[in-house]
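Below is model.txt, holding compact mmCIF, C-alpha atoms.
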# COMPACT_ATOMS: atom_id res chain seq x y z
CA MET T 1 2.32 18.46 -15.47
CA SER T 2 2.22 15.41 -17.69
CA THR T 3 3.31 11.94 -16.75
CA THR T 4 2.56 10.39 -20.12
CA GLY T 5 5.22 9.41 -22.62
CA ARG T 6 8.22 7.12 -22.68
CA HIS T 7 10.17 6.54 -19.50
CA THR T 8 13.55 4.89 -19.17
CA SER T 9 14.22 2.13 -16.67
CA PRO T 10 17.21 2.35 -14.33
CA SER T 11 20.43 0.92 -15.73
CA SER T 12 22.30 -1.59 -13.61
CA ALA T 13 25.54 -0.37 -15.22
CA ALA T 14 24.84 3.22 -14.15
CA LEU T 15 24.05 2.10 -10.61
CA GLU T 16 27.21 -0.02 -10.46
CA SER T 17 29.38 2.99 -11.29
CA ALA T 18 27.50 5.51 -9.14
CA GLY T 19 29.11 6.87 -6.00
CA PHE T 20 25.74 7.92 -4.57
CA VAL T 21 22.14 7.02 -5.46
CA ARG T 22 19.09 9.14 -4.66
CA ILE T 23 15.84 7.17 -4.49
CA THR T 24 12.58 9.13 -4.44
CA SER T 25 9.51 7.00 -3.82
CA ARG T 26 5.76 7.13 -4.21
CA ALA T 27 3.90 6.87 -0.88
CA ASP T 28 2.47 3.35 -0.95
CA GLY T 29 3.46 -0.10 0.21
CA ASP T 30 4.60 -1.40 -3.18
CA ALA T 31 6.87 1.58 -3.85
CA LEU T 32 8.23 1.60 -0.30
CA ALA T 33 9.13 -2.09 -0.55
CA ALA T 34 10.76 -1.43 -3.93
CA ALA T 35 12.83 1.36 -2.37
CA GLY T 36 13.88 -1.05 0.37
CA VAL T 37 14.85 -3.78 -2.09
CA LEU T 38 17.00 -1.32 -4.08
CA ALA T 39 18.52 0.33 -1.00
CA ARG T 40 19.51 -3.03 0.51
CA ALA T 41 21.17 -4.04 -2.76
CA LEU T 42 23.11 -0.77 -2.87
CA SER T 43 24.16 -1.24 0.75
CA GLU T 44 25.39 -4.75 -0.04
CA ARG T 45 27.49 -3.26 -2.82
CA GLU T 46 28.70 -0.52 -0.43
CA THR T 47 27.11 2.25 -2.49
CA ALA T 48 25.83 5.24 -0.52
CA PHE T 49 22.17 6.12 -0.96
CA GLN T 50 19.33 8.32 0.23
CA VAL T 51 15.62 7.41 0.22
CA THR T 52 12.78 9.93 0.38
CA VAL T 53 9.01 9.44 0.11
CA SER T 54 6.61 12.05 -1.30
CA ARG T 55 2.84 12.11 -1.66
CA THR T 56 2.61 13.82 -5.08
CA ILE T 57 4.37 13.82 -8.42
CA GLU T 58 5.18 17.51 -8.00
CA GLU T 59 6.87 16.91 -4.64
CA ARG T 60 8.99 14.09 -6.04
CA THR T 61 9.91 16.15 -9.08
CA ASN T 62 10.97 19.10 -6.92
CA ARG T 63 13.15 16.82 -4.78
CA ILE T 64 14.84 15.50 -7.90
CA GLU T 65 15.42 18.96 -9.34
CA ASP T 66 16.83 20.21 -6.03
CA GLY T 67 19.32 17.32 -6.02
CA ASN T 68 20.38 17.53 -9.67
CA GLY T 69 23.77 18.94 -10.51
CA HIS T 70 25.26 18.57 -7.03
CA ASP T 71 27.43 15.57 -7.85
CA ASP T 72 28.30 14.18 -11.28
CA ALA T 73 28.94 10.75 -9.72
CA SER T 74 25.40 10.45 -8.37
CA GLU T 75 22.38 8.72 -9.90
CA THR T 76 18.67 9.32 -9.27
CA VAL T 77 15.93 6.69 -9.42
CA ALA T 78 12.23 7.55 -9.16
CA ILE T 79 9.81 4.90 -7.92
CA GLY T 80 6.53 6.23 -9.22
CA ALA T 81 5.85 8.84 -11.87
CA VAL T 82 7.78 12.12 -11.97
CA ASP T 83 7.97 15.01 -14.41
CA ALA T 84 11.74 14.76 -14.79
CA ASP T 85 14.20 13.07 -17.10
CA VAL T 86 15.33 10.36 -14.70
CA PRO T 87 14.94 6.56 -14.71
CA GLN T 88 11.61 5.46 -13.28
CA LEU T 89 10.17 2.27 -11.80
CA GLY T 90 6.56 1.39 -11.10
CA THR T 91 4.88 3.61 -13.68
CA GLY T 92 3.13 0.83 -15.61
CA ASP T 93 1.07 -2.24 -14.80
CA ARG T 94 4.01 -4.17 -13.39
CA PRO T 95 4.45 -3.68 -9.62
CA ALA T 96 7.39 -1.49 -8.68
CA THR T 97 8.69 -4.16 -6.30
CA LEU T 98 8.92 -6.79 -9.04
CA GLU T 99 10.63 -4.37 -11.43
CA THR T 100 13.15 -3.63 -8.72
CA VAL T 101 13.73 -7.32 -7.99
CA SER T 102 14.78 -7.76 -11.62
CA LEU T 103 17.06 -4.72 -11.41
CA VAL T 104 18.93 -5.79 -8.26
CA ARG T 105 19.45 -9.27 -9.67
CA GLU T 106 21.26 -7.58 -12.56
CA LEU T 107 23.48 -6.06 -9.88
CA GLY T 108 24.26 -9.57 -8.63
CA VAL T 109 22.17 -9.25 -5.46
CA GLU T 110 19.39 -11.63 -4.42
CA PRO T 111 16.60 -9.64 -2.73
CA ASP T 112 14.95 -10.45 0.59
CA PRO T 113 12.04 -12.60 -0.67
CA VAL T 114 9.74 -11.73 2.25
CA LEU T 115 10.07 -7.98 1.70
CA ALA T 116 9.58 -8.47 -2.05
CA LEU T 117 6.47 -10.63 -1.51
CA ALA T 118 5.05 -8.05 0.91
CA GLY T 119 5.56 -5.29 -1.65
CA ALA T 120 3.92 -7.37 -4.36
CA PHE T 121 1.02 -8.16 -2.00
CA ALA T 122 0.56 -4.43 -1.37
CA SER T 123 0.23 -3.95 -5.14
CA GLY T 124 -2.47 -6.64 -5.34
CA VAL T 125 -0.34 -9.62 -6.43
CA GLU T 126 -0.77 -12.82 -4.42
CA PRO T 127 2.35 -14.66 -3.21
CA GLY T 128 3.10 -17.35 -5.77
CA ALA T 129 1.28 -15.64 -8.64
CA GLY T 130 3.22 -14.82 -11.80
CA GLU T 131 6.67 -13.38 -11.15
CA THR T 132 6.36 -13.95 -7.41
CA GLU T 133 6.52 -17.74 -7.73
CA PRO T 134 10.35 -17.93 -7.57
CA LEU T 135 10.33 -15.56 -4.58
CA LEU T 136 7.83 -17.76 -2.80
CA GLU T 137 9.84 -20.90 -3.51
CA THR T 138 13.05 -19.25 -2.30
CA ALA T 139 11.37 -18.16 0.92
CA ARG T 140 10.04 -21.67 1.52
CA GLU T 141 13.38 -23.34 0.82
CA ARG T 142 15.09 -20.99 3.28
CA GLY T 143 12.47 -21.64 5.97
CA LEU T 144 11.30 -18.03 5.90
CA LEU T 145 7.67 -18.73 5.10
CA GLU T 146 4.95 -21.30 5.66
CA ARG T 147 1.20 -21.43 5.02
CA ARG T 148 -1.49 -21.86 7.67
CA PRO T 149 -5.24 -21.19 8.06
CA GLY T 150 -6.47 -17.94 9.55
CA VAL T 151 -6.13 -14.26 8.74
CA ALA T 152 -3.20 -12.15 7.57
CA VAL T 153 -2.20 -9.77 10.38
CA PRO T 154 1.20 -8.34 11.37
CA THR T 155 1.03 -9.14 15.10
CA ALA T 156 1.01 -12.29 17.22
CA ASP T 157 -1.80 -10.72 19.28
CA LEU T 158 -4.87 -11.60 17.20
CA ALA T 159 -7.11 -8.99 18.80
CA ASP T 160 -4.55 -6.30 18.02
CA GLY T 161 -4.04 -7.56 14.47
CA LEU T 162 -7.72 -7.92 13.62
CA ALA T 163 -8.71 -4.58 15.15
CA HIS T 164 -6.20 -2.48 13.25
CA SER T 165 -5.85 -4.32 9.94
CA THR T 166 -6.87 -2.33 6.89
CA LEU T 167 -6.99 -5.43 4.71
CA TYR T 168 -10.71 -5.71 5.53
CA HIS T 169 -13.50 -3.87 7.37
CA ALA T 170 -15.82 -5.63 9.82
CA PRO T 171 -18.33 -4.27 12.39
CA TRP T 172 -15.68 -4.37 15.14
CA SER T 173 -12.76 -3.04 13.12
CA GLY T 174 -10.84 -0.32 14.94
CA ASP T 175 -11.98 -1.46 18.42
CA ARG T 176 -9.52 -3.86 20.06
CA GLU T 177 -11.78 -4.57 23.04
CA ALA T 178 -14.72 -5.43 20.80
CA VAL T 179 -12.48 -7.79 18.83
CA ARG T 180 -11.18 -9.36 22.04
CA GLU T 181 -14.74 -10.01 23.27
CA THR T 182 -15.63 -11.55 19.92
CA LEU T 183 -12.60 -13.84 20.05
CA ASP T 184 -13.39 -14.80 23.66
CA SER T 185 -16.85 -15.91 22.53
CA LEU T 186 -15.19 -18.41 20.19
CA ALA T 187 -13.39 -20.12 23.11
CA LEU T 188 -10.38 -20.71 20.90
CA GLY T 189 -8.07 -22.27 23.48
CA ASP T 190 -4.72 -23.17 21.93
CA ARG T 191 -3.91 -21.24 18.78
CA ASP T 192 -3.69 -24.32 16.59
CA ASP T 193 -4.77 -24.62 12.96
CA ASP T 194 -8.37 -25.27 13.97
CA ALA T 195 -8.47 -22.08 16.03
CA HIS T 196 -6.98 -20.05 13.19
CA ARG T 197 -9.47 -21.61 10.80
CA ARG T 198 -12.36 -20.51 13.03
CA VAL T 199 -10.98 -16.97 13.16
CA GLY T 200 -10.75 -16.94 9.37
CA SER T 201 -14.37 -18.07 9.11
CA LEU T 202 -15.42 -15.34 11.53
CA VAL T 203 -13.70 -12.60 9.53
CA ALA T 204 -15.15 -13.91 6.26
CA LEU T 205 -18.70 -14.03 7.63
CA GLU T 206 -18.52 -10.63 9.33
CA THR T 207 -17.02 -9.01 6.24
CA VAL T 208 -19.30 -10.52 3.63
CA GLY T 209 -22.51 -10.84 5.64
CA GLY T 210 -23.16 -7.19 6.45
CA GLU T 211 -26.06 -5.33 4.89
CA ASP T 212 -23.70 -2.86 3.22
CA ALA T 213 -21.29 -5.50 1.85
CA GLY T 214 -20.73 -5.40 -1.90
CA ARG T 215 -20.64 -8.40 -4.19
CA GLN T 216 -16.86 -8.03 -4.48
CA ALA T 217 -16.34 -8.45 -0.72
CA ALA T 218 -16.08 -12.25 -0.84
CA GLU T 219 -13.40 -12.16 -3.51
CA THR T 220 -11.46 -9.43 -1.73
CA VAL T 221 -11.49 -11.00 1.73
CA ALA T 222 -10.14 -14.23 0.27
CA ARG T 223 -6.75 -12.46 -0.03
CA VAL T 224 -6.66 -12.12 3.75
CA LEU T 225 -7.38 -15.79 4.48
CA GLY T 226 -4.87 -18.66 4.60
CA PRO T 227 -1.92 -16.33 5.20
CA HIS T 228 1.74 -16.92 4.53
CA VAL T 229 3.37 -16.87 7.98
CA THR T 230 6.88 -15.40 8.26
CA PRO T 231 8.42 -16.57 11.56
CA ALA T 232 11.82 -14.95 10.97
CA ALA T 233 10.48 -11.59 9.69
CA PRO T 234 9.53 -8.49 11.72
CA PHE T 235 5.82 -9.25 11.26
CA GLU T 236 3.69 -12.37 11.48
CA THR T 237 2.51 -12.67 7.86
CA VAL T 238 3.27 -11.40 4.37
CA GLY T 239 -0.12 -9.68 4.17
CA GLY T 240 0.37 -8.09 7.59
CA HIS T 241 3.81 -6.86 6.50
CA ALA T 242 2.22 -5.29 3.42
CA ASP T 243 -0.40 -3.59 5.60
CA VAL T 244 2.31 -2.01 7.77
CA LEU T 245 4.22 -0.85 4.68
CA GLU T 246 1.08 0.84 3.35
CA ALA T 247 0.37 2.56 6.65
CA THR T 248 3.89 3.86 7.27
CA ALA T 249 4.35 5.00 3.66
CA ARG T 250 1.41 7.37 4.08
CA THR T 251 1.65 8.44 7.72
CA GLU T 252 5.21 7.92 9.02
CA SER T 253 7.40 7.77 5.94
CA GLY T 254 10.67 8.06 7.88
CA THR T 255 9.76 5.00 9.91
CA GLY T 256 8.58 3.27 6.74
CA VAL T 257 11.89 3.88 4.98
CA ALA T 258 13.85 2.64 8.00
CA LEU T 259 11.70 -0.49 8.06
CA ALA T 260 12.06 -1.14 4.34
CA ILE T 261 15.85 -0.82 4.35
CA GLY T 262 16.12 -3.26 7.26
CA HIS T 263 16.44 -1.26 10.48
CA ASP T 264 14.88 -2.58 13.69
CA VAL T 265 11.88 -0.22 13.89
CA SER T 266 9.06 -2.76 13.95
CA GLU T 267 7.53 -1.41 17.19
CA ALA T 268 7.47 2.15 15.88
CA ALA T 269 6.03 0.88 12.60
CA LEU T 270 3.30 -1.03 14.44
CA THR T 271 2.41 2.07 16.45
CA ALA T 272 1.92 4.02 13.22
CA TRP T 273 -0.03 1.11 11.72
CA ARG T 274 -2.39 0.92 14.73
CA GLU T 275 -3.13 4.63 14.60
CA HIS T 276 -3.66 4.50 10.85
CA GLY T 277 -6.04 1.54 11.11
CA ARG T 278 -7.99 3.06 13.99
CA ARG T 279 -8.48 6.35 12.12
CA ALA T 280 -9.55 4.59 8.93
CA HIS T 281 -12.14 2.34 10.57
CA GLU T 282 -13.54 5.03 12.86
CA ALA T 283 -13.99 7.40 9.92
CA LEU T 284 -15.54 4.70 7.77
CA ALA T 285 -18.01 3.71 10.50
CA VAL T 286 -19.66 7.16 10.39
CA ALA T 287 -18.93 8.20 6.81
CA SER T 288 -21.74 9.43 4.58
CA THR T 289 -21.79 8.27 0.97
CA GLY T 290 -23.32 9.30 -2.33
CA ARG T 291 -23.82 7.17 -5.42
CA TYR T 292 -23.52 8.22 -9.04
CA ASP T 293 -23.29 6.31 -12.31
CA GLY T 294 -20.01 4.40 -12.02
CA LEU T 295 -18.88 6.25 -8.89
CA VAL T 296 -19.42 6.16 -5.12
CA VAL T 297 -18.34 9.21 -3.13
CA VAL T 298 -17.52 8.85 0.57
CA ASP T 299 -16.88 11.62 3.08
CA ALA T 300 -13.63 10.51 4.73
CA GLY T 301 -13.70 13.21 7.40
CA GLU T 302 -10.28 13.25 9.07
CA GLY T 303 -9.52 9.64 8.10
CA PRO T 304 -6.81 8.53 5.64
CA VAL T 305 -8.47 9.07 2.27
CA GLU T 306 -6.52 6.48 0.25
CA THR T 307 -7.17 3.66 2.69
CA ILE T 308 -10.84 4.58 3.01
CA ALA T 309 -11.28 4.69 -0.77
CA ARG T 310 -9.72 1.23 -1.08
CA LEU T 311 -11.79 -0.32 1.72
CA VAL T 312 -15.05 1.04 0.30
CA ALA T 313 -14.14 -0.11 -3.22
CA ASP T 314 -13.13 -3.56 -2.02
CA TYR T 315 -15.95 -4.26 0.41
CA ARG T 316 -18.89 -1.89 0.03
CA SER T 317 -19.18 -0.03 -3.24
CA PRO T 318 -21.79 -1.15 -5.81
CA GLU T 319 -19.90 0.95 -8.37
CA PRO T 320 -16.44 0.18 -9.77
CA THR T 321 -14.79 3.46 -8.70
CA VAL T 322 -14.71 5.19 -5.30
CA LEU T 323 -13.81 8.79 -4.48
CA ALA T 324 -12.97 9.51 -0.82
CA VAL T 325 -12.95 13.22 0.02
CA GLY T 326 -11.16 14.69 3.03
CA ASP T 327 -9.88 18.11 4.04
CA GLY T 328 -7.78 19.41 1.17
CA GLU T 329 -7.16 15.93 -0.21
CA ALA T 330 -9.02 13.15 -1.96
CA ALA T 331 -8.35 9.65 -3.24
CA LEU T 332 -9.68 7.58 -6.09
CA TYR T 333 -9.65 3.80 -6.23
CA ALA T 334 -10.82 1.82 -9.25
CA ARG T 335 -11.52 -1.92 -9.29
CA GLU T 336 -11.54 -2.21 -13.07
CA GLU T 337 -10.11 0.56 -15.26
CA PRO T 338 -6.84 2.53 -14.95
CA ILE T 339 -7.45 6.12 -13.88
CA GLY T 340 -4.16 7.86 -14.70
CA SER T 341 -5.20 10.06 -17.61
CA ALA T 342 -8.52 11.01 -16.01
CA LEU T 343 -6.82 11.94 -12.75
CA GLU T 344 -4.30 14.11 -14.52
CA GLY T 345 -7.17 16.08 -16.07
CA VAL T 346 -8.87 16.48 -12.70
CA ALA T 347 -5.61 17.73 -11.15
CA ARG T 348 -5.20 20.35 -13.88
CA GLU T 349 -8.78 21.58 -13.45
CA LEU T 350 -8.46 21.83 -9.66
CA GLU T 351 -4.87 23.13 -9.75
CA ALA T 352 -4.05 20.22 -7.47
CA GLY T 353 -1.00 18.14 -6.76
CA TYR T 354 -1.58 14.50 -7.54
CA ASP T 355 -0.18 11.01 -7.66
CA VAL T 356 -1.26 7.91 -9.48
CA GLY T 357 -0.62 4.19 -9.08
CA ARG T 358 -1.95 1.14 -10.89
CA ARG T 359 -5.61 1.66 -9.92
CA ARG T 360 -5.36 4.36 -7.29
CA GLY T 361 -4.97 8.10 -7.34
CA TYR T 362 -4.40 10.89 -4.86
CA LEU T 363 -5.22 14.62 -5.03
CA GLN T 364 -3.92 17.42 -2.81
CA TYR T 365 -5.61 20.81 -3.22
CA ASP T 366 -6.63 24.05 -1.51
CA PRO T 367 -8.66 23.12 1.61
CA GLN T 368 -10.97 26.06 0.82
CA LEU T 369 -12.11 24.28 -2.34
CA ASP T 370 -15.66 23.01 -2.00
CA ASP T 371 -16.14 19.23 -2.05
CA SER T 372 -18.74 19.59 -4.80
CA ALA T 373 -16.11 21.01 -7.15
CA VAL T 374 -13.92 17.95 -6.60
CA ILE T 375 -16.84 15.57 -7.11
CA THR T 376 -17.95 17.36 -10.29
CA ALA T 377 -14.43 17.35 -11.74
CA VAL T 378 -14.13 13.59 -11.15
CA ARG T 379 -17.61 12.79 -12.47
CA GLU T 380 -17.01 14.70 -15.70
CA ARG T 381 -14.11 12.36 -16.47
Please express the file's structure as structure tokens.
Amino acid sequence: MSTTGRHTSPSSAALESAGFVRITSRADGDALAAAGVLARALSERETAFQVTVSRTIEERTNRIEDGNGHDDASETVAIGAVDADVPQLGTGDRPATLETVSLVRELGVEPDPVLALAGAFASGVEPGAGETEPLLETARERGLLERRPGVAVPTADLADGLAHSTLYHAPWSGDREAVRETLDSLALGDRDDDAHRRVGSLVALETVGGEDAGRQAAETVARVLGPHVTPAAPFETVGGHADVLEATARTESGTGVALAIGHDVSEAALTAWREHGRRAHEALAVASTGRYDGLVVVDAGEGPVETIARLVADYRSPEPTVLAVGDGEAALYAREEPIGSALEGVARELEAGYDVGRRRGYLQYDPQLDDSAVITAVRER
């Protein structure tokens, strides 16, 4: 299955005339936010739609092929690569959310700037950088966003937010009681700017100061500090919102879709996010690793492989690329070079389903396949 070649972008004219739109999305925070931005625009125009989320290119392609031919008045949009002749978003370097923002504006709809900023954040783009600057200004003018010191979390309860966030990994990550004891030792008192500043300093020191911290940790944790607070949104900060989108896209996609299109499911989404964060940090705390030229391999156990690969790449790995191996699945995360063509070759060799984003990849294969075969296939590319 090849995902190379020329892809067409969705046409606003085709969407305007469609009686029904099928949206099939990649399973990550950027794509899920993009699906939400598009679905909300269609709803505003009173166009019926359906949103589905799939982990691999093959699954998305099969969904599209199953839906083709049922209704001549329908349109299909893929967010993420597919092996089908349909319009696609999010297959290049530009975040899917920002592509979709441009598309819905052509439809005469102004997107929710907080959702769009959260999707962009999930893709690695800071609020206010590049194309997000007008979104940030709109959110500020409408009183939807303000900046303060501290750490980006989705909850008002700091212990809850810090314990389950997957935007960083500290010694007490995954353990709410350990975080609460650490916060109690700071004697924060009122949660004013000074208190938030002290919490931010704590997270920075704990993240960067560990023996296993990589040189990139300081740069990565800076994204979490000085968050954009969103008092009118379902979650406390833009970064926290992005973290919840990532978690639900991969573990509770139905809840994630409902959240992205604007339903009141924040508590269910936070429950999925907590479980996802706990599993990631607990697995990472005991994970064994191996180092090769240009690659670190981590045994993810039963943890979420994509999140573990990203955390190791962002905070621990001395090499630019990380492979996290689980049971019948694996994830690649690269800090520097795109991995799409290499991952496609690995998937062919392993007869695996796969997906690929800007600098991340996912493999789904026979659980009986030995880990060494996966590692060898990745190393050879």
Residue with smallest distance to Ala242 in chain T - pool T:Glu58, T:Glu44, T:Glu126, T:Glu141, counting only C-alpha atoms: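 Checking each of T:Glu58, T:Glu44, T:Glu126, T:Glu141 against Ala242 in chain T, counting only C-alpha atoms, the winner is T:Glu126.
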Between CA of Thr52 in chain T and CA of Arg26 in chain T, distance in Å (one decimal): 8.8 Å
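With all atoms listed in the file as the basis for measurement, T:Ser253 is the residue among T:Thr76, T:Gln50, T:Ser253, T:Ser288 that approaches Leu32 in chain T most closely.
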Point-to-point distance in Å for CA of Ala120 in chain T and CA of Thr97 in chain T: 6.1 Å
Nearest to Leu245 in chain T by atom-to-atom distance, counting all atoms listed in the file, from T:Glu65, T:Glu344, T:Asp28, T:Asp293: T:Asp28
Report the closest atom pair, with its distance in Å rounded to one decimal, for each residue of range 268-329 of chain T that has an atom no farther than 7 Å from range 363-380 of chain T; count only C-alpha atoms, sort by chain and then rising residue number, and write it as a Markdown table.
| residue | atom | partner | partner_atom | distance |
| --- | --- | --- | --- | --- |
| T:Asp327 | CA | T:Pro367 | CA | 5.7 |
| T:Gly328 | CA | T:Pro367 | CA | 3.8 |
| T:Glu329 | CA | T:Gln364 | CA | 4.4 |
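Distances to Ala152 in chain T were evaluated for T:Val322, T:Ala118, T:Val265, T:Ala18 using all atoms listed in the file, and the minimum falls at T:Ala118.
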With the cut-off set at 9 Å and counting all atoms listed in the file, tabulate each residue of range 242-304 of chain T with an atom at most that distance from an atom of range 156-167 of chain T, showing the nearest atom pair and its distance in Å to one decimal, ordered by chain and increasing number, as JSON lines.
{"residue": "T:Asp243", "atom": "CA", "partner": "T:Thr166", "partner_atom": "CA", "distance": 6.7}
{"residue": "T:Val244", "atom": "CA", "partner": "T:Ser165", "partner_atom": "CA", "distance": 8.8}
{"residue": "T:Ala247", "atom": "CA", "partner": "T:Thr166", "partner_atom": "CA", "distance": 8.7}
{"residue": "T:Trp273", "atom": "CA", "partner": "T:His164", "partner_atom": "CA", "distance": 7.3}
{"residue": "T:Arg274", "atom": "CA", "partner": "T:His164", "partner_atom": "CA", "distance": 5.3}
{"residue": "T:Glu275", "atom": "CA", "partner": "T:His164", "partner_atom": "CA", "distance": 7.9}
{"residue": "T:His276", "atom": "CA", "partner": "T:His164", "partner_atom": "CA", "distance": 7.8}
{"residue": "T:Gly277", "atom": "CA", "partner": "T:His164", "partner_atom": "CA", "distance": 4.6}
{"residue": "T:Arg278", "atom": "CA", "partner": "T:His164", "partner_atom": "CA", "distance": 5.9}
{"residue": "T:Ala280", "atom": "CA", "partner": "T:Thr166", "partner_atom": "CA", "distance": 7.7}
{"residue": "T:His281", "atom": "CA", "partner": "T:Thr166", "partner_atom": "CA", "distance": 7.9}
Protein, DNA and RNA residues within 12 Å of (20.4, 11.2, -16.9), all atoms listed in the file, as a count of residues only: 24
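Counting only C-alpha atoms and comparing T:Ala27, T:Ala13, T:Val356, T:Ala258, the residue that lies closest to Ala81 in chain T is T:Val356.
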